[in-house]
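Enquirer: Can you read through this structure? Questions will come right after.
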Amino acid sequence: MPDLQGDIIIVGAGVVGLGVALEITRRFPRRRLLILDKEDGVAQHQSGHNSGVIHSGIYYKPGSLKARLCVAGAAAMLDFCRNHDVPYKISGKVIVATKAEEVPRLEALCKRGESNGLTGLRLIGAEELRDFEPHAAALKALVVPSTGVTDYALVCQKYAELIVANGGNLLVSTEVRDIKRTVDQVVVETPRGAYSAALLINCAGLYSDRICRMAGDQPGAMIVPFRGEYYDLVPERASLVRALIYPVPDPQFPFLGVHFTRRISAKVDAGPNAVLALAREGYHHSDISLHDLATSVTFRGFWKMAGRHWRNGFAEYYRSFSKPAFVRALQQMLPEIREKDLTPGVSGVRAQALKPDGTLVDDFQFVPSGKILHVLNVPSPAATASLMIGKAIVDIAITHLGLC
Ligand SMILES: Cc1cc2nc3c(=O)[nH]c(=O)nc-3n(C[C@H](O)[C@H](O)[C@H](O)COP(=O)(O)OP(=O)(O)OC[C@H]3O[C@@H](n4cnc5c(N)ncnc54)[C@H](O)[C@@H]3O)c2cc1C
């Protein structure tokens with residue numbers, strides 16, 4: 001007999017699990033909701049280790065979930081921050097093309113942003129760029145005025161406060177170790193006891209594919225951990241960056257490229273790169289999990305990805321170990337930056353789903369299976385979009401899981 005019964009269990013108290021939980025407590029206030037997380041607080045992984053950017057939605061394929069949920073999610077995030085006293089700033093950003101071959105991609109990005117409904121986008125030349133970012137270099141730049149910054153760890157704390165105030169139960173230090181399905185219940189085993197509910201929503205981030213397997217389902221993709229490392233600008237040189245300076249992204253990758261971010265705290269950092277981590281929660285070079293490594297190297301798609309992207313992968317590793325190489329990459333956008341201007345900063349690990357054919361899953365992926373819904377790919381801009389992801393997932397749970 002389970003120790004505690006509820007109507008709905010959510011695994012994972014990151015920004016996505018909490019976004020879903022908040023939406024459930026608002027739309028179904030009578031449902032008994034349990035949120036389980038293995039850590040001793042909310043936002044201990046991706047949601048507390050990111051760039052803090054409220055993305056505008058410029059990058060994503062028109063019509064994709066990322067595009068729709070990011071554009072609407074950014075507006076919802078700004079409203080949320082305003083209404084709940086979470087610090088935020090609409091600082092705007094510039095995307096800079098520093099090589100001739102990047103200019104057509106920058107122009108295409110501008111068109112894509114307009115297709116996604118963004119307003120105020122403007123292509124400018126090197127002269128005008130100085131009005132926005134006096135120290136940046138570019139052949140051409142794109143001004144994105146609606147981009148903002150916040151602190152997603154604070155956003156998560158506020159989500160959690162509201163969820164608990166609305167009657168939800170948040171159980172931390174409660175790791176899900178096994179999942180069983182009975183005729184009408186899903187039973188979750190944890191070291192603190194068993195919990196059961198009619199429905200379960202898997203928002204376990206870096207472990208979402210494993211939770212999916214625990215529930216007897218096939219995720220159809222494997223989560224690959226990509227570490228993103230940051231450097232901090234020393235305070236005396238933080239004035240080199242007014243707001244946010246981004247490169248033109250490489251269309252082969254779902255990552256945006258190393259950029260400069262003036263955070264909500266006013267601290268400026270450079271990063272994150274994207275290095276294959278040797279453990280799912282591998283925040284440092286020395287973090288190695290043989291189990292995680294074995295899972296990766298025995299997955300067909302891993303070698304196909306490696307075969308396709310080995311050159312880029314090595315370049316990322318090189319920059320990860322060599323500060324001069326990292327700085328050289330940054331100098332393309334900010335020629336005045338020097339090695340002594342940067343000190344090692346924090347890092348985060350992205351959960352990126354990889355298909356057996358070696359392609360990285362681009363869009364968000366939500367997969368219902370019986371009374372369980374698996375959230376299998378929610379990389380950036382999922383923090384920005386979290387309120388809208390919450391709505392989309394609750395809609396799916398109503399239609400496919402019978403949530404009522
Ligand atoms: C370096 C970096 C920079 C980024 N920058 C941005 C940005 O600027 N803007 C933006 O919008 N997005 C950004 N993102 C993306 C964004 O942070 C993530 O998409 C988002 O946080 C994902 O949230 P999540 O809830 O799915 O995952 P997580 O925050 O990782 O939460 C998953 C939770 O599941 C828990 N869990 C896992 N396994 C179990 C288990 N067995 N039992 C119980 N609990 C479990 C974990 O403890 C964790 O708390 C960035 C991400 C990274 C890593």
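We name chains A, B, ... following the order of the structure tokens; residues begin at 1 in each chain, and ligands are numbered from 1 as shown.
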If we count only C-alpha atoms, what is near segment 96-112 of chain A at a cut-off of 10 Å, once residues fewer than 3 positions away on the same chain are taken out, given as a tab-separated table (two decimals) with N, CA, C and O atoms, in the first residue's frame?

Expert:
```tsv
chain	number	residue	atom	x	y	z
A	57	GLY	N	12.37	34.46	-29.18
A	57	GLY	CA	11.76	33.48	-30.09
A	57	GLY	C	12.24	33.64	-31.53
A	57	GLY	O	11.66	33.07	-32.44
A	58	ILE	N	13.32	34.34	-31.72
A	58	ILE	CA	13.79	34.63	-33.09
A	58	ILE	C	14.36	33.40	-33.81
A	58	ILE	O	14.28	33.29	-35.02
A	59	TYR	N	14.94	32.48	-33.04
A	59	TYR	CA	15.74	31.43	-33.66
A	59	TYR	C	14.94	30.26	-34.23
A	59	TYR	O	15.44	29.50	-35.03
A	60	TYR	N	13.72	30.07	-33.76
A	60	TYR	CA	13.07	28.77	-33.94
A	60	TYR	C	12.21	28.72	-35.18
A	60	TYR	O	11.59	29.71	-35.58
A	61	LYS	N	12.14	27.51	-35.75
A	61	LYS	CA	11.42	27.27	-37.00
A	61	LYS	C	9.97	27.72	-36.85
A	61	LYS	O	9.29	27.28	-35.91
A	62	PRO	N	9.49	28.58	-37.75
A	62	PRO	CA	8.10	29.04	-37.61
A	62	PRO	C	7.12	27.86	-37.53
A	62	PRO	O	7.25	26.88	-38.25
A	67	ALA	N	8.99	27.80	-31.27
A	67	ALA	CA	8.67	29.17	-31.71
A	67	ALA	C	7.39	29.65	-31.01
A	67	ALA	O	7.37	30.75	-30.44
A	93	LYS	N	19.03	42.71	-27.30
A	93	LYS	CA	20.34	42.12	-27.63
A	93	LYS	C	20.71	42.41	-29.07
A	93	LYS	O	19.85	42.81	-29.86
A	115	SER	N	8.58	36.25	-39.10
A	115	SER	CA	7.55	35.20	-39.28
A	115	SER	C	7.03	34.72	-37.93
A	115	SER	O	5.89	34.31	-37.81
A	116	ASN	N	7.87	34.75	-36.92
A	116	ASN	CA	7.44	34.29	-35.59
A	116	ASN	C	6.68	35.38	-34.82
A	116	ASN	O	6.31	35.18	-33.67
A	117	GLY	N	6.51	36.53	-35.47
A	117	GLY	CA	5.68	37.59	-34.87
A	117	GLY	C	6.45	38.62	-34.06
A	117	GLY	O	5.85	39.44	-33.37
A	118	LEU	N	7.80	38.61	-34.16
A	118	LEU	CA	8.58	39.59	-33.39
A	118	LEU	C	8.51	40.96	-34.07
A	118	LEU	O	8.50	41.03	-35.31
A	121	LEU	N	12.57	44.32	-34.97
A	121	LEU	CA	13.87	43.78	-35.40
A	121	LEU	C	14.47	44.73	-36.43
A	121	LEU	O	13.75	45.26	-37.27
A	122	ARG	N	15.79	44.91	-36.36
A	122	ARG	CA	16.41	45.85	-37.28
A	122	ARG	C	17.83	45.40	-37.63
A	122	ARG	O	18.60	45.10	-36.72
A	123	LEU	N	18.12	45.34	-38.93
A	123	LEU	CA	19.49	45.04	-39.36
A	123	LEU	C	20.26	46.34	-39.43
A	123	LEU	O	19.77	47.32	-40.02
A	124	ILE	N	21.44	46.37	-38.84
A	124	ILE	CA	22.22	47.60	-38.82
A	124	ILE	C	23.66	47.31	-39.25
A	124	ILE	O	24.10	46.16	-39.24
A	125	GLY	N	24.37	48.36	-39.57
A	125	GLY	CA	25.78	48.22	-39.96
A	125	GLY	C	26.70	48.44	-38.76
A	125	GLY	O	26.25	48.74	-37.64
A	126	ALA	N	28.00	48.32	-39.05
A	126	ALA	CA	29.01	48.42	-37.98
A	126	ALA	C	28.96	49.77	-37.25
A	126	ALA	O	29.14	49.83	-36.03
A	129	LEU	N	26.02	49.94	-34.89
A	129	LEU	CA	26.20	48.99	-33.79
A	129	LEU	C	26.84	49.68	-32.58
A	129	LEU	O	26.54	49.35	-31.43
A	136	ALA	N	31.63	46.27	-29.56
A	136	ALA	CA	31.42	45.07	-30.38
A	136	ALA	C	31.86	45.32	-31.82
A	136	ALA	O	31.86	46.45	-32.29
A	137	ALA	N	32.24	44.21	-32.49
A	137	ALA	CA	32.63	44.32	-33.90
A	137	ALA	C	31.68	43.47	-34.73
A	137	ALA	O	31.24	42.42	-34.28
A	138	ALA	N	31.37	43.94	-35.93
A	138	ALA	CA	30.51	43.16	-36.82
A	138	ALA	C	30.54	43.74	-38.21
A	138	ALA	O	30.83	44.92	-38.40
A	139	LEU	N	30.23	42.89	-39.20
A	139	LEU	CA	29.99	43.40	-40.55
A	139	LEU	C	28.56	43.93	-40.60
A	139	LEU	O	28.27	44.94	-41.21
A	140	LYS	N	27.69	43.18	-39.93
A	140	LYS	CA	26.28	43.55	-39.88
A	140	LYS	C	25.75	42.99	-38.56
A	140	LYS	O	26.26	41.99	-38.06
A	141	ALA	N	24.73	43.65	-38.02
A	141	ALA	CA	24.17	43.16	-36.74
A	141	ALA	C	22.66	43.23	-36.80
A	141	ALA	O	22.08	43.99	-37.58
A	142	LEU	N	22.04	42.42	-35.97
A	142	LEU	CA	20.57	42.41	-35.87
A	142	LEU	C	20.20	42.82	-34.45
A	142	LEU	O	20.67	42.21	-33.48
A	143	VAL	N	19.37	43.86	-34.37
A	143	VAL	CA	18.93	44.32	-33.05
A	143	VAL	C	17.63	43.61	-32.71
A	143	VAL	O	16.68	43.61	-33.49
A	144	VAL	N	17.61	42.98	-31.53
A	144	VAL	CA	16.41	42.27	-31.07
A	144	VAL	C	15.97	42.95	-29.77
A	144	VAL	O	16.47	42.64	-28.68
A	245	ILE	N	25.34	40.24	-26.28
A	245	ILE	CA	25.95	40.16	-27.62
A	245	ILE	C	26.07	38.68	-28.00
A	245	ILE	O	26.74	37.91	-27.31
A	246	TYR	N	25.39	38.31	-29.07
A	246	TYR	CA	25.36	36.91	-29.51
A	246	TYR	C	25.98	36.78	-30.90
A	246	TYR	O	25.83	37.68	-31.73
A	247	PRO	N	26.57	35.61	-31.19
A	247	PRO	CA	27.03	35.35	-32.56
A	247	PRO	C	25.85	34.86	-33.42
A	247	PRO	O	24.77	34.57	-32.88
A	248	VAL	N	26.06	34.73	-34.71
A	248	VAL	CA	25.07	34.09	-35.57
A	248	VAL	C	25.20	32.59	-35.32
A	248	VAL	O	26.30	32.05	-35.42
A	249	PRO	N	24.12	31.90	-34.93
A	249	PRO	CA	24.28	30.49	-34.58
A	249	PRO	C	24.60	29.60	-35.78
A	249	PRO	O	24.20	29.92	-36.91
A	250	ASP	N	25.32	28.51	-35.51
A	250	ASP	CA	25.60	27.51	-36.53
A	250	ASP	C	24.32	26.69	-36.72
A	250	ASP	O	23.85	26.06	-35.78
A	251	PRO	N	23.75	26.68	-37.93
A	251	PRO	CA	22.46	26.01	-38.12
A	251	PRO	C	22.51	24.50	-37.89
A	251	PRO	O	21.47	23.86	-37.72
A	332	GLN	N	36.32	37.72	-31.72
A	332	GLN	CA	35.65	38.01	-33.00
A	332	GLN	C	34.48	38.97	-32.78
A	332	GLN	O	34.18	39.81	-33.62
A	333	MET	N	33.83	38.86	-31.62
A	333	MET	CA	32.69	39.75	-31.33
A	333	MET	C	33.12	40.98	-30.55
A	333	MET	O	32.51	42.04	-30.63
```

Enquirer: For segment 83-90 of chain A, list every protein, DNA or RNA residue within 10 Å, evaluated using only C-alpha atoms, and leave out those in the same chain fewer than 2 positions away; present the list as a list in words.

Expert: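 My list of contacting residues is Gly52, Val53, Ile54, Met77, Leu78, Asp79, Phe80, Cys81, Gly92, Lys93, Pro145, Ser146, Thr147, Gly148, Val149, Thr150, Asp151, Tyr152, Leu154, Val155, Gln157, Lys158, Tyr159, Leu162, Ala243, Arg263, Ile264 and Ser265 of chain A.
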
Enquirer: Considering only C-alpha atoms, return as a list of chain:residue names whatever protein or nucleic-acid residues lie within 7 Å of Ile223 of chain A, sequence-local ones (same chain, fewer than 2 positions apart) excluded.

Expert: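 The neighbour list is A:Leu206, A:Asp209, A:Ala221, A:Pro225, A:Ala351, A:Gln352, A:Ala353, A:Leu354.
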
Enquirer: Emit the selected residues as a compact mmCIF listing (two decimals), in the first residue's frame, including all heavy atoms.

Expert:
```txt
# COMPACT_ATOMS: atom_id res chain seq x y z
N LEU A 206 17.57 15.90 -17.18
CA LEU A 206 18.69 15.06 -17.62
C LEU A 206 18.43 13.57 -17.47
O LEU A 206 19.15 12.74 -18.03
CB LEU A 206 19.95 15.46 -16.83
CG LEU A 206 20.56 16.80 -17.23
CD1 LEU A 206 21.29 17.46 -16.06
CD2 LEU A 206 21.50 16.61 -18.41
N ASP A 209 14.76 10.37 -19.94
CA ASP A 209 14.70 9.12 -20.71
C ASP A 209 14.76 7.91 -19.78
O ASP A 209 14.11 6.89 -20.01
CB ASP A 209 15.82 9.07 -21.77
CG ASP A 209 17.22 9.23 -21.19
OD1 ASP A 209 17.36 9.72 -20.04
OD2 ASP A 209 18.20 8.86 -21.86
N ALA A 221 14.77 8.08 -27.90
CA ALA A 221 15.93 8.98 -27.99
C ALA A 221 16.68 8.85 -26.66
O ALA A 221 16.11 8.38 -25.67
CB ALA A 221 15.50 10.41 -28.21
N PRO A 225 24.21 14.69 -22.25
CA PRO A 225 24.49 15.89 -21.45
C PRO A 225 25.56 16.76 -22.11
O PRO A 225 26.68 16.30 -22.35
CB PRO A 225 25.01 15.29 -20.13
CG PRO A 225 25.58 13.95 -20.49
CD PRO A 225 24.94 13.50 -21.77
N ALA A 351 20.26 19.10 -21.08
CA ALA A 351 19.71 17.79 -21.46
C ALA A 351 19.25 17.89 -22.90
O ALA A 351 18.29 18.61 -23.18
CB ALA A 351 18.53 17.45 -20.55
N GLN A 352 19.95 17.21 -23.79
CA GLN A 352 19.60 17.29 -25.21
C GLN A 352 19.28 15.89 -25.72
O GLN A 352 20.12 14.99 -25.61
CB GLN A 352 20.77 17.91 -25.99
CG GLN A 352 20.61 17.87 -27.50
CD GLN A 352 19.40 18.65 -28.01
OE1 GLN A 352 19.20 19.81 -27.69
NE2 GLN A 352 18.55 17.98 -28.80
N ALA A 353 18.10 15.70 -26.28
CA ALA A 353 17.73 14.36 -26.77
C ALA A 353 18.40 14.09 -28.12
O ALA A 353 18.46 14.97 -28.98
CB ALA A 353 16.22 14.25 -26.89
N LEU A 354 18.89 12.86 -28.24
CA LEU A 354 19.60 12.41 -29.46
C LEU A 354 18.86 11.19 -30.01
O LEU A 354 18.59 10.23 -29.28
CB LEU A 354 21.04 12.03 -29.06
CG LEU A 354 21.90 11.34 -30.11
CD1 LEU A 354 22.25 12.29 -31.25
CD2 LEU A 354 23.19 10.82 -29.47
```

Enquirer: Pull the helix (DSSP H, G or I) assignments for segment 102-209 of chain A out of DSSP run on the backbone, and list those residues as a ChimeraX atom specification.

Expert: /A:102-115,126-132,152-165,205-209

Enquirer: Restricting it to N, CA, C and O atoms, dump the selection as a short mmCIF file (atom, residue, chain, number, x, y, z; two decimals), in the first residue's frame.

Expert:
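Now in selection.cif:
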```
data_model
loop_
_atom_site.label_atom_id
_atom_site.label_comp_id
_atom_site.auth_asym_id
_atom_site.auth_seq_id
_atom_site.Cartn_x
_atom_site.Cartn_y
_atom_site.Cartn_z
N GLU A 102 28.35 34.78 -42.73
CA GLU A 102 27.28 34.80 -41.71
C GLU A 102 26.19 35.82 -42.04
O GLU A 102 25.09 35.76 -41.49
N VAL A 103 26.51 36.76 -42.95
CA VAL A 103 25.55 37.85 -43.22
C VAL A 103 24.22 37.32 -43.78
O VAL A 103 23.16 37.68 -43.26
N PRO A 104 24.24 36.43 -44.81
CA PRO A 104 22.95 35.92 -45.29
C PRO A 104 22.18 35.17 -44.20
O PRO A 104 20.96 35.24 -44.13
N ARG A 105 22.90 34.48 -43.31
CA ARG A 105 22.22 33.74 -42.22
C ARG A 105 21.59 34.73 -41.25
O ARG A 105 20.53 34.49 -40.69
N LEU A 106 22.28 35.85 -41.03
CA LEU A 106 21.73 36.87 -40.13
C LEU A 106 20.45 37.46 -40.73
O LEU A 106 19.45 37.66 -40.03
N GLU A 107 20.50 37.71 -42.04
CA GLU A 107 19.31 38.27 -42.72
C GLU A 107 18.15 37.27 -42.66
O GLU A 107 17.00 37.65 -42.44
N ALA A 108 18.49 35.99 -42.84
CA ALA A 108 17.44 34.96 -42.78
C ALA A 108 16.85 34.89 -41.37
O ALA A 108 15.64 34.68 -41.19
N LEU A 109 17.70 35.10 -40.39
CA LEU A 109 17.25 35.07 -38.98
C LEU A 109 16.24 36.20 -38.73
O LEU A 109 15.24 36.04 -38.02
N CYS A 110 16.52 37.35 -39.34
CA CYS A 110 15.63 38.51 -39.19
C CYS A 110 14.26 38.16 -39.77
O CYS A 110 13.22 38.39 -39.13
N LYS A 111 14.26 37.53 -40.95
CA LYS A 111 12.97 37.14 -41.59
C LYS A 111 12.25 36.11 -40.72
O LYS A 111 11.04 36.16 -40.55
N ARG A 112 13.02 35.18 -40.17
CA ARG A 112 12.42 34.14 -39.34
C ARG A 112 11.76 34.76 -38.11
O ARG A 112 10.65 34.41 -37.73
N GLY A 113 12.47 35.70 -37.51
CA GLY A 113 11.92 36.39 -36.33
C GLY A 113 10.61 37.08 -36.67
O GLY A 113 9.63 37.00 -35.92
N GLU A 114 10.59 37.73 -37.85
CA GLU A 114 9.35 38.42 -38.27
C GLU A 114 8.23 37.40 -38.49
O GLU A 114 7.10 37.63 -38.08
N SER A 115 8.58 36.25 -39.10
CA SER A 115 7.55 35.20 -39.28
C SER A 115 7.03 34.72 -37.93
O SER A 115 5.89 34.31 -37.81
N ALA A 126 28.00 48.32 -39.05
CA ALA A 126 29.01 48.42 -37.98
C ALA A 126 28.96 49.77 -37.25
O ALA A 126 29.14 49.83 -36.03
N GLU A 127 28.69 50.85 -38.03
CA GLU A 127 28.65 52.19 -37.43
C GLU A 127 27.58 52.27 -36.36
O GLU A 127 27.82 52.69 -35.22
N GLU A 128 26.36 51.87 -36.78
CA GLU A 128 25.21 52.01 -35.87
C GLU A 128 25.33 51.06 -34.67
O GLU A 128 24.80 51.34 -33.59
N LEU A 129 26.02 49.94 -34.89
CA LEU A 129 26.20 48.99 -33.79
C LEU A 129 26.84 49.68 -32.58
O LEU A 129 26.54 49.35 -31.43
N ARG A 130 27.69 50.68 -32.86
CA ARG A 130 28.38 51.38 -31.76
C ARG A 130 27.40 52.07 -30.82
O ARG A 130 27.68 52.26 -29.65
N ASP A 131 26.21 52.45 -31.35
CA ASP A 131 25.21 53.08 -30.47
C ASP A 131 24.66 52.08 -29.46
O ASP A 131 24.18 52.45 -28.39
N PHE A 132 24.68 50.79 -29.84
CA PHE A 132 24.13 49.76 -28.95
C PHE A 132 25.24 49.15 -28.09
O PHE A 132 25.11 49.06 -26.89
N TYR A 152 16.23 32.56 -13.25
CA TYR A 152 15.25 31.46 -13.25
C TYR A 152 15.22 30.68 -11.94
O TYR A 152 14.22 30.02 -11.65
N ALA A 153 16.28 30.75 -11.14
CA ALA A 153 16.20 30.10 -9.82
C ALA A 153 15.16 30.83 -8.98
O ALA A 153 14.36 30.20 -8.27
N LEU A 154 15.13 32.17 -9.09
CA LEU A 154 14.12 32.94 -8.34
C LEU A 154 12.72 32.70 -8.91
O LEU A 154 11.74 32.62 -8.16
N VAL A 155 12.65 32.57 -10.24
CA VAL A 155 11.35 32.27 -10.86
C VAL A 155 10.82 30.95 -10.30
O VAL A 155 9.66 30.84 -9.90
N CYS A 156 11.72 29.94 -10.22
CA CYS A 156 11.31 28.62 -9.71
C CYS A 156 10.85 28.71 -8.26
O CYS A 156 9.87 28.06 -7.87
N GLN A 157 11.58 29.48 -7.46
CA GLN A 157 11.17 29.61 -6.05
C GLN A 157 9.78 30.21 -5.96
O GLN A 157 8.96 29.78 -5.15
N LYS A 158 9.51 31.19 -6.81
CA LYS A 158 8.19 31.82 -6.80
C LYS A 158 7.12 30.85 -7.28
O LYS A 158 6.04 30.75 -6.70
N TYR A 159 7.42 30.09 -8.36
CA TYR A 159 6.47 29.06 -8.82
C TYR A 159 6.14 28.13 -7.63
O TYR A 159 4.99 27.81 -7.37
N ALA A 160 7.21 27.68 -6.93
CA ALA A 160 7.02 26.71 -5.85
C ALA A 160 6.15 27.29 -4.73
O ALA A 160 5.25 26.62 -4.21
N GLU A 161 6.42 28.54 -4.38
CA GLU A 161 5.62 29.20 -3.33
C GLU A 161 4.14 29.20 -3.69
O GLU A 161 3.28 28.90 -2.88
N LEU A 162 3.86 29.55 -4.96
CA LEU A 162 2.47 29.64 -5.41
C LEU A 162 1.82 28.26 -5.45
O LEU A 162 0.65 28.09 -5.09
N ILE A 163 2.59 27.27 -5.89
CA ILE A 163 2.06 25.90 -5.97
C ILE A 163 1.66 25.42 -4.57
O ILE A 163 0.57 24.89 -4.35
N VAL A 164 2.56 25.63 -3.60
CA VAL A 164 2.29 25.19 -2.22
C VAL A 164 1.11 25.99 -1.65
O VAL A 164 0.20 25.43 -1.03
N ALA A 165 1.08 27.30 -1.94
CA ALA A 165 -0.06 28.12 -1.45
C ALA A 165 -1.37 27.65 -2.07
O ALA A 165 -2.44 27.76 -1.44
N GLY A 205 14.18 16.16 -16.67
CA GLY A 205 15.33 16.82 -17.28
C GLY A 205 16.39 15.85 -17.78
O GLY A 205 16.14 15.03 -18.68
N LEU A 206 17.57 15.90 -17.18
CA LEU A 206 18.69 15.06 -17.62
C LEU A 206 18.43 13.57 -17.47
O LEU A 206 19.15 12.74 -18.03
N TYR A 207 17.39 13.21 -16.68
CA TYR A 207 17.07 11.80 -16.48
C TYR A 207 15.71 11.43 -17.05
O TYR A 207 15.18 10.36 -16.74
N SER A 208 15.14 12.27 -17.90
CA SER A 208 13.78 12.01 -18.37
C SER A 208 13.69 10.71 -19.19
O SER A 208 12.69 10.00 -19.12
N ASP A 209 14.76 10.37 -19.94
CA ASP A 209 14.70 9.12 -20.71
C ASP A 209 14.76 7.91 -19.78
O ASP A 209 14.11 6.89 -20.01
#
```

Enquirer: Per DSSP on the backbone, what are the strand (DSSP E or B) residues of segment 106-263 of chain A, as a VMD selection string?

Expert: chain A and resid 122 to 125 140 to 144 148 to 150 169 to 171 178 to 181 186 to 190 193 to 197 199 to 202 222 to 233 244 to 247 259 to 262

Enquirer: Between A:Arg262, A:Arg338, A:His309, A:Arg350, which has the minimum distance to ligand 1 (counting only C-alpha atoms and all ligand atoms)?

Expert: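 Closest candidate: A:Arg350.
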
Enquirer: Looking at A:Gly282, A:Gly358, A:Leu276, A:Phe364, which one is nearest to Trp303 of chain A, with distances taken over only C-alpha atoms?

Expert: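 Answer, going by the shortest atom-to-atom distance: A:Gly358.
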
Enquirer: Can you pull out every residue within 7 Å of Glu175 of chain A, counting only C-alpha atoms, but drop anything in the same chain fewer than 2 positions away, and send it as a list in words?

Expert: Asp37, Lys38, Ser173, Arg177, Thr190 and Pro191 of chain A
